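Participant: Provided herewith: start.cif, mmCIF, C-alpha atoms.
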```cif
data_final
#
loop_
_atom_site.label_atom_id
_atom_site.label_comp_id
_atom_site.auth_asym_id
_atom_site.auth_seq_id
_atom_site.Cartn_x
_atom_site.Cartn_y
_atom_site.Cartn_z
CA MET L 344 0.00 0.00 0.00
CA LYS L 345 1.23 3.51 -0.67
CA LEU L 346 -0.08 7.03 -0.44
CA THR L 347 -0.95 8.57 -3.82
CA HIS L 348 -3.25 11.56 -3.19
CA VAL L 349 -3.87 13.95 -0.34
CA GLN L 350 -7.05 16.00 -0.47
CA VAL L 351 -7.15 19.71 0.26
CA TRP L 352 -10.41 21.72 0.23
CA VAL L 353 -10.15 24.93 -1.77
CA HIS L 354 -12.71 27.66 -2.10
CA ASP L 355 -11.98 28.23 -5.82
CA GLN L 356 -10.28 25.62 -7.99
CA ASP L 357 -8.97 28.00 -10.68
CA GLU L 358 -7.45 30.27 -8.11
CA ALA L 359 -5.99 27.29 -6.23
CA LEU L 360 -4.50 25.82 -9.42
CA ALA L 361 -2.78 29.13 -10.16
CA PHE L 362 -1.46 29.31 -6.62
CA TYR L 363 -0.14 25.75 -6.42
CA THR L 364 1.51 25.88 -9.86
CA ASP L 365 2.60 29.52 -10.38
CA LYS L 366 3.45 30.35 -6.79
CA LEU L 367 4.42 27.03 -5.20
CA GLY L 368 6.01 25.64 -8.36
CA MET L 369 3.98 22.41 -8.51
CA GLU L 370 2.97 20.67 -11.73
CA LEU L 371 -0.56 19.98 -12.91
CA ARG L 372 -1.21 16.23 -12.73
CA GLU L 373 -4.91 15.70 -13.48
CA ASP L 374 -7.69 18.04 -14.55
CA VAL L 375 -10.85 16.16 -15.48
CA THR L 376 -14.37 17.58 -15.50
CA VAL L 377 -17.22 15.06 -15.58
CA PRO L 378 -20.55 16.43 -16.94
CA GLU L 379 -22.55 13.43 -15.73
CA MET L 380 -21.35 14.14 -12.20
CA GLY L 381 -22.66 17.69 -12.10
CA ASN L 382 -19.41 18.97 -13.65
CA PHE L 383 -17.35 17.52 -10.83
CA ARG L 384 -13.73 18.49 -11.45
CA TRP L 385 -10.94 16.17 -10.36
CA LEU L 386 -7.94 18.47 -10.13
CA SER L 387 -4.57 17.46 -8.80
CA VAL L 388 -1.08 18.90 -8.60
CA GLY L 389 2.23 17.64 -7.28
CA ILE L 390 5.84 18.46 -6.67
CA PRO L 391 7.94 17.54 -9.73
CA GLY L 392 9.87 14.38 -8.98
CA GLN L 393 7.64 13.28 -6.12
CA ASP L 394 4.77 10.91 -6.81
CA VAL L 395 2.29 12.05 -4.15
CA SER L 396 -0.42 14.31 -5.59
CA ILE L 397 -2.50 16.94 -3.89
CA THR L 398 -6.15 16.92 -4.97
CA LEU L 399 -7.57 20.44 -4.99
CA MET L 400 -11.19 19.72 -4.12
CA ALA L 401 -14.02 22.22 -4.47
CA ILE L 402 -16.54 22.08 -1.63
CA PRO L 403 -19.58 20.35 -3.13
CA GLY L 404 -23.23 21.20 -2.51
CA PRO L 405 -26.18 18.81 -2.99
CA PRO L 406 -26.28 15.89 -3.62
CA VAL L 407 -22.93 15.38 -1.87
CA PHE L 408 -23.41 17.86 0.97
CA ASP L 409 -26.49 19.82 1.91
CA ASP L 410 -26.11 23.61 1.80
CA GLU L 411 -25.54 23.88 5.53
CA THR L 412 -22.69 21.36 5.47
CA ARG L 413 -21.10 23.05 2.49
CA GLU L 414 -21.33 26.41 4.23
CA SER L 415 -19.80 24.96 7.41
CA ILE L 416 -16.81 23.54 5.53
CA ASN L 417 -16.46 26.81 3.66
CA LYS L 418 -16.30 28.69 6.96
CA LEU L 419 -13.94 26.23 8.64
CA LEU L 420 -11.60 26.49 5.69
CA ALA L 421 -11.67 30.30 5.79
CA LYS L 422 -11.06 30.19 9.55
CA GLY L 423 -7.94 28.07 9.04
CA ALA L 424 -9.49 25.04 10.73
CA SER L 425 -9.16 22.50 7.93
CA GLY L 426 -5.73 21.07 8.67
CA GLY L 427 -2.50 21.49 6.81
CA LEU L 428 0.45 20.00 4.99
CA PHE L 429 4.11 19.80 5.94
CA PHE L 430 6.84 20.38 3.38
CA ALA L 431 10.58 19.85 3.75
CA THR L 432 13.34 21.88 2.12
CA ASP L 433 17.15 21.83 2.19
CA ASP L 434 17.29 25.60 2.60
CA ALA L 435 14.37 27.25 4.38
CA GLN L 436 15.61 30.80 3.82
CA LYS L 437 16.10 30.26 0.09
CA SER L 438 12.69 28.63 -0.33
CA TYR L 439 11.10 31.39 1.74
CA ASP L 440 12.73 34.10 -0.40
CA GLU L 441 11.60 32.44 -3.63
CA LEU L 442 8.02 31.87 -2.48
CA LYS L 443 7.75 35.33 -0.94
CA ASP L 444 8.96 36.85 -4.23
CA ARG L 445 6.13 35.05 -5.99
CA GLY L 446 3.61 36.54 -3.58
CA VAL L 447 3.00 33.69 -1.13
CA GLU L 448 1.39 34.89 2.11
CA PHE L 449 3.66 33.83 4.97
CA THR L 450 2.34 33.52 8.52
CA GLN L 451 5.82 33.04 9.93
CA GLU L 452 9.30 33.87 8.63
CA PRO L 453 11.99 31.18 8.82
CA THR L 454 12.53 30.73 12.55
CA GLU L 455 15.11 28.67 14.43
CA GLN L 456 13.48 25.81 16.31
CA PRO L 457 15.03 22.93 18.25
CA TYR L 458 14.37 20.65 15.24
CA GLY L 459 15.63 22.99 12.51
CA ILE L 460 14.39 26.08 10.69
CA ASP L 461 10.70 26.40 10.15
CA ALA L 462 8.38 28.83 8.33
CA GLY L 463 4.62 28.94 7.79
CA PHE L 464 2.36 30.08 4.98
CA ARG L 465 -1.22 29.81 3.74
CA ASP L 466 -2.96 29.41 0.43
CA ALA L 467 -5.75 31.79 -0.58
CA SER L 468 -8.37 29.42 0.87
CA GLY L 469 -6.82 29.46 4.35
CA ASN L 470 -5.04 26.08 4.33
CA HIS L 471 -1.95 26.12 6.51
CA PHE L 472 1.44 24.87 5.38
CA ARG L 473 4.75 24.46 7.13
CA LEU L 474 8.09 24.58 5.45
CA ALA L 475 10.87 22.99 7.47
CA GLN L 476 14.58 22.52 7.08
CA ARG L 477 15.29 19.72 9.53
CA ALA L 478 18.44 20.01 11.60
CA MET W 1011 -14.60 33.42 -9.15
CA THR W 1012 -16.03 32.20 -5.85
CA PRO W 1013 -16.25 35.09 -3.37
CA VAL W 1014 -13.83 34.96 -0.43
CA PRO W 1015 -15.68 34.16 2.83
CA PRO W 1016 -15.38 37.04 5.34
CA GLU W 1017 -13.75 34.66 7.82
CA ARG W 1018 -10.69 34.49 5.58
CA HIS W 1019 -9.94 38.14 6.36
CA LEU W 1020 -10.43 37.53 10.08
CA LEU W 1021 -7.97 34.63 9.82
CA ARG W 1022 -5.46 37.04 8.33
CA ALA W 1023 -5.76 39.24 11.42
CA LYS W 1024 -5.30 36.17 13.64
CA ASP W 1025 -2.15 35.30 11.66
CA VAL W 1026 -0.89 38.84 12.24
CA VAL W 1027 -1.18 38.26 16.01
CA ASP W 1028 0.81 35.04 15.77
CA ALA W 1029 3.49 36.60 13.59
CA ARG W 1030 3.81 40.02 15.20
CA PHE W 1031 2.76 39.72 18.87
CA ARG W 1032 6.22 41.06 19.83
CA GLU W 1033 5.33 44.43 18.28
CA PRO W 1034 3.07 47.05 19.86
CA LEU W 1035 -0.01 45.62 18.14
CA ASP W 1036 -3.48 46.81 19.02
CA VAL W 1037 -7.02 46.10 17.91
CA PRO W 1038 -7.20 48.95 15.33
CA ALA W 1039 -4.05 47.61 13.63
CA LEU W 1040 -5.57 44.11 13.52
CA ALA W 1041 -8.87 45.49 12.23
CA GLN W 1042 -6.96 47.00 9.33
CA ALA W 1043 -5.53 43.59 8.40
CA ALA W 1044 -9.12 42.31 8.16
CA TYR W 1045 -10.37 45.37 6.27
CA LEU W 1046 -12.96 46.16 8.98
CA SER W 1047 -13.68 48.99 11.42
CA PRO W 1048 -12.32 48.22 14.93
CA ALA W 1049 -15.77 47.77 16.55
CA HIS W 1050 -17.15 45.63 13.74
CA PHE W 1051 -13.89 43.68 13.61
CA SER W 1052 -13.93 42.78 17.33
CA ARG W 1053 -17.52 41.54 17.05
CA GLU W 1054 -16.87 39.51 13.91
CA PHE W 1055 -13.62 38.07 15.23
CA ARG W 1056 -15.40 36.90 18.35
CA ARG W 1057 -18.21 35.40 16.32
CA ALA W 1058 -15.69 33.46 14.20
CA PHE W 1059 -13.18 32.37 16.82
CA GLY W 1060 -15.07 32.52 20.13
CA GLU W 1061 -12.94 35.19 21.77
CA THR W 1062 -12.11 38.83 21.22
CA PRO W 1063 -8.99 39.84 19.27
CA HIS W 1064 -7.67 41.45 22.44
CA GLN W 1065 -8.04 38.16 24.33
CA TYR W 1066 -6.38 36.26 21.50
CA LEU W 1067 -3.44 38.67 21.45
CA LEU W 1068 -2.99 38.59 25.22
CA THR W 1069 -3.18 34.80 25.49
CA ARG W 1070 -0.73 34.42 22.59
CA ARG W 1071 1.69 36.71 24.45
CA LEU W 1072 1.22 34.78 27.69
CA GLU W 1073 1.70 31.44 25.94
CA ARG W 1074 4.97 32.64 24.38
CA ALA W 1075 6.05 34.12 27.74
CA ALA W 1076 5.42 30.74 29.42
CA ALA W 1077 7.55 29.04 26.73
CA LEU W 1078 10.37 31.56 27.30
CA LEU W 1079 10.15 31.02 31.06
CA ARG W 1080 10.46 27.26 30.54
CA ASN W 1081 13.19 27.30 27.91
CA THR W 1082 15.39 30.36 28.52
CA ASP W 1083 17.17 32.12 31.41
CA ARG W 1084 15.81 35.57 30.48
CA SER W 1085 14.48 37.69 33.34
CA VAL W 1086 10.73 38.11 33.85
CA ALA W 1087 10.95 41.78 32.83
CA GLU W 1088 12.88 40.92 29.67
CA ILE W 1089 10.36 38.25 28.73
CA CYS W 1090 7.49 40.67 29.33
CA PHE W 1091 8.98 43.10 26.77
CA MET W 1092 9.99 40.28 24.39
CA VAL W 1093 6.37 39.22 23.99
CA GLY W 1094 5.18 42.78 23.30
CA LEU W 1095 3.84 43.70 26.74
CA ARG W 1096 4.90 46.99 28.23
CA SER W 1097 4.07 46.75 31.93
CA VAL W 1098 5.73 44.11 34.08
CA GLY W 1099 3.08 44.62 36.77
CA SER W 1100 0.18 43.92 34.37
CA PHE W 1101 2.10 41.03 32.83
CA THR W 1102 2.59 39.38 36.23
CA THR W 1103 -1.09 39.96 37.11
CA SER W 1104 -2.36 38.51 33.82
CA PHE W 1105 0.08 35.61 33.96
CA ARG W 1106 -0.99 34.70 37.47
CA ARG W 1107 -4.65 34.88 36.54
CA VAL W 1108 -4.14 32.45 33.67
CA TYR W 1109 -1.52 30.05 35.04
CA GLY W 1110 -2.43 30.35 38.74
CA VAL W 1111 1.16 31.16 39.76
CA THR W 1112 3.62 34.02 39.26
CA PRO W 1113 6.05 33.84 36.32
CA THR W 1114 8.92 33.06 38.72
CA ALA W 1115 7.00 30.24 40.40
CA TYR W 1116 5.94 28.91 36.99
CA ARG W 1117 9.56 28.77 35.87
CA ALA W 1118 10.62 26.91 39.02
CA ALA W 1119 7.85 24.36 38.52
CA HIS W 1120 8.51 23.77 34.79
CA PRO W 1121 12.12 23.00 33.96
CA PRO W 1122 12.83 22.51 30.25
CA ILE W 1123 12.35 18.92 29.16
CA GLU W 1124 13.38 16.99 26.11
CA ARG W 1125 10.28 16.13 24.14
CA ALA W 1126 9.40 14.55 20.89
CA GLN W 1127 10.08 17.05 18.14
CA ILE W 1128 6.65 18.53 17.83
CA PRO W 1129 6.61 21.58 15.53
CA THR W 1130 6.51 24.84 17.45
CA CYS W 1131 3.42 25.99 15.55
CA VAL W 1132 1.60 23.00 17.03
CA VAL W 1133 2.89 23.78 20.53
CA GLN W 1134 1.76 27.39 20.10
CA ALA W 1135 -1.70 26.35 19.02
CA TYR W 1136 -2.24 23.83 21.82
CA ALA W 1137 -0.46 25.54 24.73
CA ARG W 1138 -2.26 28.87 24.47
CA PRO W 1139 -4.31 29.41 27.63
CA ARG W 1140 -8.09 29.65 27.37
CA SER W 1141 -9.19 33.24 27.60
CA SER W 1142 -12.54 32.29 29.13
CA SER W 1143 -10.73 31.40 32.35
CA PHE W 1144 -9.86 34.94 33.28
CA ARG W 1145 -11.16 38.46 33.42
CA GLU W 1146 -9.53 40.76 30.95
CA ASP W 1147 -6.93 43.15 32.27
CA SER W 1148 -7.30 46.08 29.92
CA THR W 1149 -3.96 47.57 30.95
CA ALA W 1150 -2.06 44.42 29.99
CA ALA W 1151 -1.92 44.98 26.27
#
```
Step by step, read the file and then write its structure as structure tokens.
Facilitator:
Amino acid sequence: MKLTHVQVWVHDQDEALAFYTDKLGMELREDVTVPEMGNFRWLSVGIPGQDVSITLMAIPGPPVFDDETRESINKLLAKGASGGLFFATDDAQKSYDELKDRGVEFTQEPTEQPYGIDAGFRDASGNHFRLAQRA
Amino acid sequence: MTPVPPERHLLRAKDVVDARFREPLDVPALAQAAYLSPAHFSREFRRAFGETPHQYLLTRRLERAAALLRNTDRSVAEICFMVGLRSVGSFTTSFRRVYGVTPTAYRAAHPPIERAQIPTCVVQAYARPRSSSFREDSTAA
């Protein structure tokens, strides 16, 4: 068994795709829209050279979720309560500088921690990411 | 384009607290980060996160102060200023109200310990004291 996809809720798939590719430097892996599934769009990206994909999932309404559930997820996401992903880098400062230059919204600059150097950022939806250079 | 939920702007203000609590931040500055008037901002922030922005800022500062007391040899006064508070008296009062002991007693009771390498952002999120457990000291911030 191995991990192939990790799902991230996003509040707008086009905006998310631009963010994950243009700003984070990921590659588009899959982009399939299925008319018989209410135009469900399976959209995934990944880091070049690494085989795990991130599925950028729009928050569905009926028949998947009722309006109240959709609205709750939408709010949780915007409040930063939907979890996060952890990335590793060989050089936190360099990665930070590059991402910052491309307009990524950092919540924390590279900071020395007992386990290495660690920074934090968010996507436009509110998902939280850490970027760590392990000691 | 799907409209951005208003909570996303409130989250930005919360992030500003976590990133810049060492600076002389106040509610009007945070309101600006959320594109709202200070009064409206405080109400909306509380509705979204269950506590006022002032409470969030103060408890973030106290949580970081507690970490510095545990992990460094800095004096209480130094730590007070390091976390963005300006009055050592108010700091000690607020700290005692939240942790039940003075900063000096807290330090004596909590020597640094080797732990699993849990990311500091996780520690920060989980170790922040609940603001419902104390009355706000308006002079503390």
Participant: At what distance in Å, to one decimal, does atom CA of Arg1030 of chain W lie from atom CA of Arg1117 of chain W?
Facilitator: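 Interatomic distance, atom CA of Arg1117 of chain W to atom CA of Arg1030 of chain W: 24.2 Å.
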Participant: Could you write out as an MDAnalysis selection string the residues that the PyMOL selection byres ((chain L and resi 398-405) around 10) matches in the shown file?
Facilitator: chainID L and resid 347:357 359:360 363 372:374 381 383:389 395:397 406:414 416:417 420
Participant: Choose the residue, out of L:Leu442, L:Tyr458, L:Val377, L:Ala478, that has the smallest atom-to-atom separation from Thr1130 of chain W; count all atoms listed in the file.
Facilitator: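 The answer is L:Tyr458, which sits nearest to Thr1130 of chain W.
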Participant: Which distance in Å separates atom CA of Lys422 of chain L and atom CA of Leu1021 of chain W, to one decimal?
Facilitator: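 Calculated distance between atom CA of Lys422 of chain L and atom CA of Leu1021 of chain W is 5.4 Å.
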Participant: Translate the PyMOL selection byres ((chain W) within 7 of (chain L)), as applied to the file shown, into an explicit residue set as a PyMOL selection string.
Facilitator: chain W and resi 1011-1012+1015+1017-1018+1021+1025+1029+1127
Participant: Running the PyMOL selection byres ((chain L and resi 426) around 7) on this model by hand, what would come out? Give it as a list in words.
Facilitator: Ala424, Ser425, Gly427, Asn470 and His471 of chain L
Participant: Could you jot down the atom CA of Thr1069 of chain W to atom CA of Tyr439 of chain L separation for me, Å, one decimal place?
Facilitator: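 According to the coordinates, atom CA of Thr1069 of chain W and atom CA of Tyr439 of chain L are separated by 27.9 Å.
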Participant: Give me the residues near Val1086 of chain W as number ranges by chain, where near means some atom within 8 Å (using all atoms listed in the file) and where sequence neighbours in that chain fewer than 3 positions away do not count.
Facilitator: W: 1079, 1089-1090, 1098, 1113-1114
Participant: Kindly save the residues from that selection, with C-alpha atoms included, as a tab-separated table (two decimals), keeping the file's coordinate frame.
Facilitator:
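The resulting file, out05.tsv, is reproduced below:
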```tsv
chain	number	residue	atom	x	y	z
W	1079	LEU	CA	10.15	31.02	31.06
W	1089	ILE	CA	10.36	38.25	28.73
W	1090	CYS	CA	7.49	40.67	29.33
W	1098	VAL	CA	5.73	44.11	34.08
W	1113	PRO	CA	6.05	33.84	36.32
W	1114	THR	CA	8.92	33.06	38.72
```
Participant: Would you mind telling me which residue in W:Arg1032, W:Arg1022, W:His1050, W:Arg1138 lies nearest to Ala1077 of chain W when using only C-alpha atoms?
Facilitator: W:Arg1138
Participant: Thr1112 of chain W: which residues within 12 Å, counting all atoms listed in the file, same-chain residues fewer than 3 positions away excluded, as an mmCIF file with C-alpha atoms, in the coordinates of the input?
Facilitator:
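Contents of the output file out.cif:
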```cif
data_model
loop_
_atom_site.group_PDB
_atom_site.id
_atom_site.type_symbol
_atom_site.label_atom_id
_atom_site.label_comp_id
_atom_site.auth_asym_id
_atom_site.auth_seq_id
_atom_site.Cartn_x
_atom_site.Cartn_y
_atom_site.Cartn_z
ATOM 1 C CA LEU W 1072 1.220 34.780 27.690
ATOM 2 C CA ALA W 1075 6.050 34.120 27.740
ATOM 3 C CA ALA W 1076 5.420 30.740 29.420
ATOM 4 C CA LEU W 1079 10.150 31.020 31.060
ATOM 5 C CA VAL W 1086 10.730 38.110 33.850
ATOM 6 C CA VAL W 1098 5.730 44.110 34.080
ATOM 7 C CA GLY W 1099 3.080 44.620 36.770
ATOM 8 C CA SER W 1100 0.180 43.920 34.370
ATOM 9 C CA PHE W 1101 2.100 41.030 32.830
ATOM 10 C CA THR W 1102 2.590 39.380 36.230
ATOM 11 C CA THR W 1103 -1.090 39.960 37.110
ATOM 12 C CA SER W 1104 -2.360 38.510 33.820
ATOM 13 C CA PHE W 1105 0.080 35.610 33.960
ATOM 14 C CA ARG W 1106 -0.990 34.700 37.470
ATOM 15 C CA ARG W 1107 -4.650 34.880 36.540
ATOM 16 C CA VAL W 1108 -4.140 32.450 33.670
ATOM 17 C CA TYR W 1109 -1.520 30.050 35.040
ATOM 18 C CA ALA W 1115 7.000 30.240 40.400
ATOM 19 C CA TYR W 1116 5.940 28.910 36.990
ATOM 20 C CA ARG W 1117 9.560 28.770 35.870
ATOM 21 C CA ALA W 1118 10.620 26.910 39.020
ATOM 22 C CA ALA W 1119 7.850 24.360 38.520
#
```
